[in-house]
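Step one of this worksheet: look at the structure below.
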Amino acid sequence: TEMDDTDPSGFDKIDSEKVTEAINKINEALKDKKVDKNVRQKLNYGKKHWPSSLDKYEEQEAMIGDDRSSMSKTDPDATFMRLKEDHMKNGQLKPAYNVQISTNNQYIVNYSLHRQSTDTNTLIAHLEQHIKTYKKKPANITADAGYGSEQNYQWLESKRITAYVKHNQFDRKQRKHKKENKPYSADKLVYDEAKDQYQCPKDKPMNNIGTYIRRTKTGYLQTITKYETESCKYCRLKELCHQAKGNRVIEINHNLKRLKSRADKRLKTKRGIAKRKQRCFDVESVFGNIKQNHHFRRFMLRGIEKVEIETGLLAMAHNLRKKIA
């Protein structure tokens, strides 16, 4: 026999009601027929367990939300993360919270807890909490490359906060001795702002062929511009330049490029170099003191509200010890 519709794109989301309805239809169709008892048992098992399991999964997905991808059963607020302390040496994921702190001369001035494992998405919420607590914004901040995203740069610029924040390519660009593996990458091409054109490695123009909007995981909208060469057909550098079948097309985020350029200039000033050096012994030493000197490597409480209180007590204890030291 042939099925009328084999296109899976027409499938709707499966929920507990649809599963129950489907099982009831199967039972009704097999009502007066001889059916193997194992089949009957599977249908009864499915009717009893599958709808409740689907309801439980939907409930758990709602608890996880859109800002993370996992949840601990013993602490629903915690997210599974890969920690630096890996006693089993197998990259095991453990329920954890992402703790962010702001320091000034090794004093903790603000702390926040986050359920996302990546630092990039925590900066804005952390600084908004700082502004709410102190009723004023910080004049400047220093952060490592884990926070250097377009969304963060743009937000800091809009708030007029001087940002000494690295991006993920900053340290790599400082290593002059490093061998260049991609001499024809898009960031190496010359851009003519007046003509809005790039030059390919053979000095041929790459024309603007349009823009589109790309949404990041956090919902931030990026404007991406595409540029295409006039012809790569007879170019001797084609195999080294790109692997596309037709002409080379590059995608450029001009706003991010501008923000990175400003960050580079700021970080290379005398003040920027001093800020980068200070960050290492200002922030990292605080974490080292709490974890290594005072042996606090694990939260005792569960639930983000209780863990926030525990973190606050840790911060106060650290500041008091620092004050009387």
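The way I read the labels, and the way they are meant: chains A, B, ... in the order of the structure tokens, residue 1 as the first residue of every chain, and ligand 1 as the first ligand shown, with later ones counted on from there.
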
Using DSSP on the backbone, list every residue of region 155-204 of chain A that comes out as strand (DSSP E or B), and give them as a PyMOL selection string. chain A and resi 162-165+190-192+197-199

Once DSSP has gone over the backbone, tell me which residues of region 113-313 of chain A are in alpha helix (DSSP H), as a VMD selection string. chain A and resid 123 to 134 150 to 158 170 to 174 238 to 241 254 to 267 270 to 282 284 to 288 304 to 313

Pairwise distance for CA of Tyr198 (chain A) and CA of Ser149 (chain A), rounded to one decimal in Å: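 Pair CA of Tyr198 (chain A) / CA of Ser149 (chain A) returns 23.9 Å.
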
Test item: residues at most 9 Å from region 302-308 of chain A, only C-alpha atoms, excluding those fewer than 4 positions along its chain, as a PyMOL selection string: chain A and resi 74-78+97+111-115+312-313

Would you list the contacts of Asn140 (chain A) as number ranges by chain, taking every protein, DNA or RNA residue within 10 Å and counting only C-alpha atoms, but skipping same-chain residues closer than 5 positions in sequence? A: 156, 160-165

Write out, as a CSV table (one decimal), in the first residue's frame, the residues just selected, with N, CA and C atoms.
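Below is the file that was written, selection27.csv:
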```csv
chain,number,residue,atom,x,y,z
A,156,LEU,N,27.8,49.3,25.7
A,156,LEU,CA,28.7,50.2,26.5
A,156,LEU,C,28.9,51.5,25.8
A,160,ARG,N,27.9,55.3,27.2
A,160,ARG,CA,29.1,56.1,27.4
A,160,ARG,C,30.0,55.7,28.5
A,161,ILE,N,30.2,54.4,28.5
A,161,ILE,CA,31.1,53.7,29.5
A,161,ILE,C,32.4,53.4,28.7
A,162,THR,N,33.5,53.9,29.1
A,162,THR,CA,34.8,53.6,28.4
A,162,THR,C,35.1,52.2,28.6
A,163,ALA,N,35.2,51.5,27.5
A,163,ALA,CA,35.4,50.0,27.6
A,163,ALA,C,36.8,49.6,27.2
A,164,TYR,N,37.5,49.0,28.1
A,164,TYR,CA,38.8,48.4,27.8
A,164,TYR,C,38.5,46.9,27.8
A,165,VAL,N,37.9,46.5,26.7
A,165,VAL,CA,37.4,45.1,26.6
A,165,VAL,C,38.0,44.5,25.3
```

Find the nearest atom pair between each residue of region 76-160 of chain A and region 210-221 of chain A for residues within 12 Å, count only C-alpha atoms, give distances in Å to one decimal, sort rows by chain and ascending number, and present the table as JSON lines.
```
{"residue": "A:Gln116", "atom": "CA", "partner": "A:Thr218", "partner_atom": "CA", "distance": 11.0}
{"residue": "A:Thr118", "atom": "CA", "partner": "A:Thr218", "partner_atom": "CA", "distance": 11.6}
{"residue": "A:Thr120", "atom": "CA", "partner": "A:Thr218", "partner_atom": "CA", "distance": 10.1}
{"residue": "A:Asn121", "atom": "CA", "partner": "A:Thr218", "partner_atom": "CA", "distance": 7.5}
{"residue": "A:Thr122", "atom": "CA", "partner": "A:Thr218", "partner_atom": "CA", "distance": 10.7}
{"residue": "A:Ile124", "atom": "CA", "partner": "A:Thr218", "partner_atom": "CA", "distance": 11.6}
{"residue": "A:Ser149", "atom": "CA", "partner": "A:Tyr220", "partner_atom": "CA", "distance": 10.6}
{"residue": "A:Glu150", "atom": "CA", "partner": "A:Tyr220", "partner_atom": "CA", "distance": 9.0}
{"residue": "A:Gln151", "atom": "CA", "partner": "A:Tyr220", "partner_atom": "CA", "distance": 6.7}
{"residue": "A:Asn152", "atom": "CA", "partner": "A:Tyr220", "partner_atom": "CA", "distance": 10.1}
{"residue": "A:Gln154", "atom": "CA", "partner": "A:Tyr220", "partner_atom": "CA", "distance": 10.6}
{"residue": "A:Trp155", "atom": "CA", "partner": "A:Tyr220", "partner_atom": "CA", "distance": 11.0}
```

Using only C-alpha atoms: which of A:Lys89, A:Lys204, A:Lys195, A:Lys257 has the shortest distance to Ile224 (chain A):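 Under the stated criterion, the closest residue is A:Lys257.
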
Excluding His294 (chain A) and residues on its chain fewer than 5 positions from it, collect all residues at most 12 Å away from it, counting only C-alpha atoms, and give them as number ranges by chain. A: 286-289, 314, 317-318, 321

For the residues selected in the previous step, produce a file with N, CA, C and O atoms as a PDB file, in the first residue's frame.
```
ATOM      1  N   VAL A 286      41.220  37.737  43.343  1.00  0.00           N
ATOM      2  CA  VAL A 286      40.069  37.620  44.244  1.00  0.00           C
ATOM      3  C   VAL A 286      39.494  36.209  44.176  1.00  0.00           C
ATOM      4  O   VAL A 286      39.234  35.569  45.210  1.00  0.00           O
ATOM      5  N   PHE A 287      39.299  35.712  42.966  1.00  0.00           N
ATOM      6  CA  PHE A 287      38.831  34.333  42.812  1.00  0.00           C
ATOM      7  C   PHE A 287      39.833  33.346  43.418  1.00  0.00           C
ATOM      8  O   PHE A 287      39.456  32.386  44.091  1.00  0.00           O
ATOM      9  N   GLY A 288      41.125  33.599  43.186  1.00  0.00           N
ATOM     10  CA  GLY A 288      42.155  32.718  43.722  1.00  0.00           C
ATOM     11  C   GLY A 288      42.164  32.707  45.240  1.00  0.00           C
ATOM     12  O   GLY A 288      42.330  31.655  45.864  1.00  0.00           O
ATOM     13  N   ASN A 289      41.967  33.870  45.852  1.00  0.00           N
ATOM     14  CA  ASN A 289      41.960  33.968  47.308  1.00  0.00           C
ATOM     15  C   ASN A 289      40.789  33.188  47.908  1.00  0.00           C
ATOM     16  O   ASN A 289      40.952  32.447  48.879  1.00  0.00           O
ATOM     17  N   LEU A 314      30.117  35.495  51.001  1.00  0.00           N
ATOM     18  CA  LEU A 314      31.514  35.304  50.592  1.00  0.00           C
ATOM     19  C   LEU A 314      32.174  36.636  50.244  1.00  0.00           C
ATOM     20  O   LEU A 314      33.319  36.901  50.623  1.00  0.00           O
ATOM     21  N   ALA A 317      32.805  38.649  53.412  1.00  0.00           N
ATOM     22  CA  ALA A 317      33.927  38.081  54.155  1.00  0.00           C
ATOM     23  C   ALA A 317      35.255  38.433  53.495  1.00  0.00           C
ATOM     24  O   ALA A 317      36.230  38.782  54.173  1.00  0.00           O
ATOM     25  N   HIS A 318      35.290  38.366  52.179  1.00  0.00           N
ATOM     26  CA  HIS A 318      36.512  38.715  51.456  1.00  0.00           C
ATOM     27  C   HIS A 318      36.872  40.175  51.677  1.00  0.00           C
ATOM     28  O   HIS A 318      38.045  40.499  51.956  1.00  0.00           O
ATOM     29  N   ARG A 321      38.183  40.760  55.263  1.00  0.00           N
ATOM     30  CA  ARG A 321      39.554  40.263  55.415  1.00  0.00           C
ATOM     31  C   ARG A 321      40.550  41.193  54.713  1.00  0.00           C
ATOM     32  O   ARG A 321      41.637  41.449  55.220  1.00  0.00           O
TER      33      ARG A 321
END
```
